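Chemist: Pasting final13.txt here (compact mmCIF, N, CA and C atoms):
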```
# COMPACT_ATOMS: atom_id res chain seq x y z
N MET O 287 13.08 -7.98 -1.85
CA MET O 287 12.43 -8.57 -0.70
C MET O 287 12.98 -7.90 0.56
N ILE O 288 12.08 -7.44 1.39
CA ILE O 288 12.52 -6.75 2.61
C ILE O 288 12.64 -7.75 3.77
N THR O 289 13.51 -7.41 4.71
CA THR O 289 13.73 -8.28 5.86
C THR O 289 12.66 -8.01 6.92
N SER O 290 12.62 -8.85 7.94
CA SER O 290 11.64 -8.65 9.01
C SER O 290 11.93 -7.37 9.79
N LYS O 291 13.21 -7.01 9.95
CA LYS O 291 13.54 -5.75 10.63
C LYS O 291 13.10 -4.55 9.81
N GLU O 292 13.31 -4.62 8.50
CA GLU O 292 12.88 -3.54 7.62
C GLU O 292 11.35 -3.43 7.64
N ARG O 293 10.67 -4.57 7.62
CA ARG O 293 9.20 -4.57 7.65
C ARG O 293 8.71 -3.92 8.96
N ALA O 294 9.32 -4.27 10.07
CA ALA O 294 8.93 -3.68 11.35
C ALA O 294 9.14 -2.17 11.35
N PHE O 295 10.26 -1.71 10.80
CA PHE O 295 10.55 -0.28 10.70
C PHE O 295 9.48 0.42 9.86
N LEU O 296 9.16 -0.17 8.70
CA LEU O 296 8.18 0.44 7.80
C LEU O 296 6.78 0.43 8.41
N LYS O 297 6.44 -0.61 9.15
CA LYS O 297 5.14 -0.66 9.83
C LYS O 297 5.03 0.47 10.85
N GLY O 298 6.13 0.78 11.52
CA GLY O 298 6.14 1.90 12.46
C GLY O 298 5.87 3.21 11.76
N LYS O 299 6.48 3.41 10.59
CA LYS O 299 6.23 4.63 9.81
C LYS O 299 4.79 4.68 9.33
N LEU O 300 4.27 3.52 8.93
CA LEU O 300 2.91 3.43 8.42
C LEU O 300 1.88 3.75 9.51
N ALA O 301 2.18 3.36 10.74
CA ALA O 301 1.25 3.59 11.85
C ALA O 301 1.02 5.07 12.10
N LEU O 302 1.98 5.90 11.76
CA LEU O 302 1.88 7.34 11.98
C LEU O 302 1.10 8.06 10.89
N LYS O 303 0.83 7.37 9.78
CA LYS O 303 0.17 7.99 8.63
C LYS O 303 -1.34 7.82 8.68
N LYS O 304 -2.02 8.75 8.07
CA LYS O 304 -3.44 8.57 7.79
C LYS O 304 -3.53 7.78 6.48
N ALA O 305 -4.68 7.24 6.21
CA ALA O 305 -4.87 6.46 4.98
C ALA O 305 -4.64 7.35 3.76
N ASP O 306 -3.87 6.81 2.81
CA ASP O 306 -3.57 7.54 1.58
C ASP O 306 -4.67 7.35 0.54
N PHE O 307 -5.29 6.17 0.56
CA PHE O 307 -6.38 5.85 -0.37
C PHE O 307 -7.48 5.14 0.41
N ARG O 308 -8.71 5.31 -0.07
CA ARG O 308 -9.85 4.63 0.51
C ARG O 308 -10.56 3.86 -0.60
N ILE O 309 -10.96 2.65 -0.27
CA ILE O 309 -11.66 1.82 -1.24
C ILE O 309 -13.06 1.55 -0.71
N GLY O 310 -14.04 1.85 -1.54
CA GLY O 310 -15.44 1.66 -1.15
C GLY O 310 -16.15 0.71 -2.08
N LYS O 311 -17.43 0.98 -2.30
CA LYS O 311 -18.26 0.06 -3.07
C LYS O 311 -17.85 -0.05 -4.54
N GLU O 312 -17.16 0.97 -5.06
CA GLU O 312 -16.74 0.92 -6.46
C GLU O 312 -15.53 0.02 -6.67
N GLY O 313 -14.89 -0.40 -5.60
CA GLY O 313 -13.77 -1.32 -5.72
C GLY O 313 -12.49 -0.65 -6.18
N LEU O 314 -11.64 -1.43 -6.80
CA LEU O 314 -10.33 -0.96 -7.23
C LEU O 314 -10.36 -0.72 -8.74
N LYS O 315 -10.40 0.55 -9.12
CA LYS O 315 -10.45 0.92 -10.54
C LYS O 315 -9.05 1.06 -11.11
N GLU O 316 -8.95 1.02 -12.42
CA GLU O 316 -7.67 1.18 -13.11
C GLU O 316 -7.06 2.56 -12.79
N GLU O 317 -7.90 3.59 -12.71
CA GLU O 317 -7.41 4.93 -12.38
C GLU O 317 -6.81 4.97 -10.98
N THR O 318 -7.41 4.23 -10.07
CA THR O 318 -6.90 4.18 -8.70
C THR O 318 -5.54 3.49 -8.67
N ILE O 319 -5.40 2.42 -9.43
CA ILE O 319 -4.12 1.70 -9.49
C ILE O 319 -3.04 2.62 -10.06
N GLU O 320 -3.39 3.38 -11.10
CA GLU O 320 -2.43 4.32 -11.68
C GLU O 320 -2.04 5.40 -10.68
N ALA O 321 -3.01 5.90 -9.93
CA ALA O 321 -2.72 6.92 -8.91
C ALA O 321 -1.84 6.34 -7.81
N MET O 322 -2.08 5.08 -7.43
CA MET O 322 -1.26 4.42 -6.43
C MET O 322 0.17 4.24 -6.92
N ASP O 323 0.31 3.93 -8.21
CA ASP O 323 1.63 3.78 -8.81
C ASP O 323 2.42 5.08 -8.70
N LEU O 324 1.79 6.20 -9.05
CA LEU O 324 2.44 7.50 -8.94
C LEU O 324 2.77 7.83 -7.49
N TYR O 325 1.86 7.53 -6.60
CA TYR O 325 2.08 7.80 -5.18
C TYR O 325 3.27 7.01 -4.65
N LEU O 326 3.36 5.74 -5.02
CA LEU O 326 4.46 4.89 -4.55
C LEU O 326 5.82 5.33 -5.10
N LYS O 327 5.83 5.94 -6.28
CA LYS O 327 7.09 6.44 -6.84
C LYS O 327 7.68 7.53 -5.97
N LYS O 328 6.82 8.26 -5.28
CA LYS O 328 7.27 9.36 -4.44
C LYS O 328 7.35 9.02 -2.96
N ASN O 329 6.58 8.04 -2.51
CA ASN O 329 6.42 7.82 -1.08
C ASN O 329 6.83 6.45 -0.56
N GLU O 330 6.89 5.45 -1.38
CA GLU O 330 7.32 4.08 -1.05
C GLU O 330 6.35 3.29 -0.18
N ILE O 331 5.71 3.90 0.79
CA ILE O 331 4.73 3.16 1.60
C ILE O 331 3.34 3.74 1.36
N LEU O 332 2.37 2.84 1.37
CA LEU O 332 1.00 3.21 1.03
C LEU O 332 0.06 2.56 2.02
N LYS O 333 -0.85 3.37 2.54
CA LYS O 333 -1.84 2.88 3.50
C LYS O 333 -3.22 3.01 2.88
N ILE O 334 -3.94 1.89 2.83
CA ILE O 334 -5.26 1.85 2.19
C ILE O 334 -6.30 1.48 3.24
N GLN O 335 -7.36 2.27 3.30
CA GLN O 335 -8.46 1.99 4.21
C GLN O 335 -9.63 1.47 3.39
N PHE O 336 -10.27 0.42 3.88
CA PHE O 336 -11.44 -0.16 3.23
C PHE O 336 -12.68 0.30 3.98
N LEU O 337 -13.56 0.98 3.27
CA LEU O 337 -14.78 1.48 3.88
C LEU O 337 -15.74 0.32 4.14
N ASN O 338 -16.71 0.55 4.99
CA ASN O 338 -17.66 -0.51 5.36
C ASN O 338 -18.42 -1.06 4.17
N ASN O 339 -18.63 -0.24 3.14
CA ASN O 339 -19.38 -0.71 1.97
C ASN O 339 -18.49 -1.35 0.90
N ALA O 340 -17.22 -1.52 1.18
CA ALA O 340 -16.30 -2.14 0.21
C ALA O 340 -16.62 -3.62 0.08
N GLU O 341 -16.67 -4.08 -1.15
CA GLU O 341 -16.96 -5.49 -1.40
C GLU O 341 -15.68 -6.32 -1.48
N LEU O 342 -14.55 -5.67 -1.69
CA LEU O 342 -13.28 -6.38 -1.79
C LEU O 342 -12.64 -6.54 -0.42
N GLU O 343 -11.96 -7.63 -0.24
CA GLU O 343 -11.20 -7.88 0.98
C GLU O 343 -9.79 -7.31 0.81
N PRO O 344 -9.16 -6.87 1.90
CA PRO O 344 -7.81 -6.30 1.80
C PRO O 344 -6.80 -7.21 1.10
N MET O 345 -6.82 -8.49 1.38
CA MET O 345 -5.83 -9.38 0.76
C MET O 345 -6.10 -9.58 -0.73
N GLU O 346 -7.35 -9.48 -1.16
CA GLU O 346 -7.67 -9.53 -2.59
C GLU O 346 -7.00 -8.34 -3.29
N VAL O 347 -7.16 -7.18 -2.68
CA VAL O 347 -6.57 -5.96 -3.25
C VAL O 347 -5.05 -6.05 -3.24
N PHE O 348 -4.48 -6.57 -2.16
CA PHE O 348 -3.03 -6.73 -2.11
C PHE O 348 -2.54 -7.57 -3.27
N HIS O 349 -3.19 -8.69 -3.54
CA HIS O 349 -2.74 -9.56 -4.63
C HIS O 349 -2.87 -8.87 -5.99
N GLN O 350 -3.91 -8.05 -6.16
CA GLN O 350 -4.05 -7.28 -7.40
C GLN O 350 -2.92 -6.26 -7.53
N LEU O 351 -2.61 -5.57 -6.43
CA LEU O 351 -1.54 -4.57 -6.45
C LEU O 351 -0.17 -5.22 -6.59
N GLU O 352 0.00 -6.38 -6.01
CA GLU O 352 1.26 -7.11 -6.12
C GLU O 352 1.53 -7.43 -7.59
N GLU O 353 0.50 -7.87 -8.28
CA GLU O 353 0.65 -8.21 -9.69
C GLU O 353 0.82 -6.97 -10.57
N ALA O 354 0.02 -5.95 -10.30
CA ALA O 354 0.03 -4.75 -11.15
C ALA O 354 1.21 -3.82 -10.87
N LEU O 355 1.61 -3.69 -9.59
CA LEU O 355 2.59 -2.68 -9.22
C LEU O 355 3.86 -3.24 -8.58
N GLY O 356 3.87 -4.51 -8.27
CA GLY O 356 5.06 -5.10 -7.65
C GLY O 356 5.28 -4.68 -6.21
N VAL O 357 4.19 -4.49 -5.46
CA VAL O 357 4.32 -4.08 -4.07
C VAL O 357 4.61 -5.27 -3.17
N GLU O 358 5.11 -4.96 -1.97
CA GLU O 358 5.34 -5.98 -0.95
C GLU O 358 4.39 -5.73 0.20
N PHE O 359 3.95 -6.81 0.83
CA PHE O 359 3.01 -6.74 1.94
C PHE O 359 3.72 -6.22 3.19
N LEU O 360 3.10 -5.26 3.87
CA LEU O 360 3.62 -4.79 5.16
C LEU O 360 2.71 -5.22 6.30
N MET O 361 1.40 -4.92 6.17
CA MET O 361 0.50 -5.25 7.26
C MET O 361 -0.95 -5.17 6.82
N GLN O 362 -1.77 -5.91 7.54
CA GLN O 362 -3.21 -5.76 7.44
C GLN O 362 -3.75 -5.77 8.85
N LEU O 363 -4.48 -4.76 9.18
CA LEU O 363 -5.09 -4.66 10.49
C LEU O 363 -6.54 -4.26 10.29
N GLY O 364 -7.43 -5.22 10.42
CA GLY O 364 -8.85 -4.96 10.18
C GLY O 364 -9.09 -4.53 8.75
N HIS O 365 -9.59 -3.32 8.60
CA HIS O 365 -9.91 -2.79 7.27
C HIS O 365 -8.82 -1.88 6.72
N VAL O 366 -7.60 -2.08 7.18
CA VAL O 366 -6.47 -1.25 6.73
C VAL O 366 -5.38 -2.17 6.18
N LEU O 367 -4.83 -1.79 5.03
CA LEU O 367 -3.77 -2.54 4.38
C LEU O 367 -2.58 -1.62 4.16
N GLY O 368 -1.39 -2.12 4.41
CA GLY O 368 -0.17 -1.36 4.17
C GLY O 368 0.74 -2.11 3.22
N VAL O 369 1.25 -1.42 2.21
CA VAL O 369 2.15 -2.03 1.23
C VAL O 369 3.38 -1.14 1.04
N TYR O 370 4.43 -1.74 0.47
CA TYR O 370 5.70 -1.05 0.24
C TYR O 370 6.21 -1.37 -1.16
N ARG O 371 6.81 -0.38 -1.78
CA ARG O 371 7.55 -0.59 -3.02
C ARG O 371 8.72 0.38 -3.05
N ASP O 372 9.90 -0.16 -3.25
CA ASP O 372 11.11 0.65 -3.28
C ASP O 372 11.03 1.63 -4.45
N SER O 373 11.54 2.83 -4.23
CA SER O 373 11.58 3.82 -5.30
C SER O 373 13.02 4.26 -5.52
N GLU O 374 13.21 5.07 -6.53
CA GLU O 374 14.55 5.59 -6.83
C GLU O 374 15.05 6.51 -5.73
N ARG O 375 14.13 7.07 -4.97
CA ARG O 375 14.49 8.03 -3.93
C ARG O 375 14.99 7.37 -2.66
N HIS O 376 14.65 6.10 -2.43
CA HIS O 376 15.07 5.36 -1.23
C HIS O 376 14.79 6.16 0.03
N LEU O 377 13.55 6.46 0.27
CA LEU O 377 13.18 7.29 1.41
C LEU O 377 13.38 6.59 2.74
N TYR O 378 13.11 5.30 2.79
CA TYR O 378 13.11 4.61 4.07
C TYR O 378 14.21 3.56 4.20
N LEU O 379 14.51 2.88 3.14
CA LEU O 379 15.49 1.80 3.21
C LEU O 379 16.65 2.05 2.26
N LYS O 380 17.80 1.54 2.60
CA LYS O 380 19.03 1.57 1.79
C LYS O 380 19.72 2.86 1.84
```
Please, can you express the file's structure as structure tokens?
Modeler:
Amino acid sequence: MITSKERAFLKGKLALKKADFRIGKEGLKEETIEAMDLYLKKNEILKIQFLNNAELEPMEVFHQLEEALGVEFLMQLGHVLGVYRDSERHLYLK
């Protein structure tokens, strides 16, 4: 569990990034979850953009990723979701 200071730090890093994944009308596929898992192993923070034709809401996707990948919530701003998962590399925290 990350602290509020750590969350604020990670949100700052996330603000500088472009979206790593985009979710559209096809929703969240198993292949996408697997790709996100690999991405998080190397990068720890993940920014997801929801396209206008996406049928899923950002918080729905967060709960799916929380269950499947063990991510922590960082932020949601409109159609953008940010999540964090610690990796062995400890890029940002610790």
Chemist: Of the candidates O:Glu374, O:Asp306, O:Asp323, O:Glu330, which shows the shortest atom-to-atom distance to O:Leu355, using all atoms listed in the file?
Modeler: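 Selected residue with least distance to O:Leu355: O:Asp323.
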Chemist: My list of candidates is O:Met287, O:Val347, O:Ala354, O:Leu296. Which is closest to O:Glu320 when distances are computed with only C-alpha atoms?
Modeler: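 Among O:Met287, O:Val347, O:Ala354, O:Leu296, it is O:Ala354 that comes nearest to O:Glu320.
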Chemist: Counting only N, CA and C atoms, which residue out of O:Asp372, O:Glu312, O:Glu343, O:Glu292 sits closest to O:Glu358?
Modeler: O:Asp372
Chemist: Out of O:Leu314, O:Gln350, O:Val366, O:Val357, which residue has the shortest atom-to-atom distance to O:Lys333 when counting all atoms listed in the file?
Modeler: O:Val366
Chemist: For O:Ser373, which residue out of O:Glu346, O:Lys327, O:Gly356, O:Leu337 is the nearest one, using all atoms listed in the file?
Modeler: O:Lys327
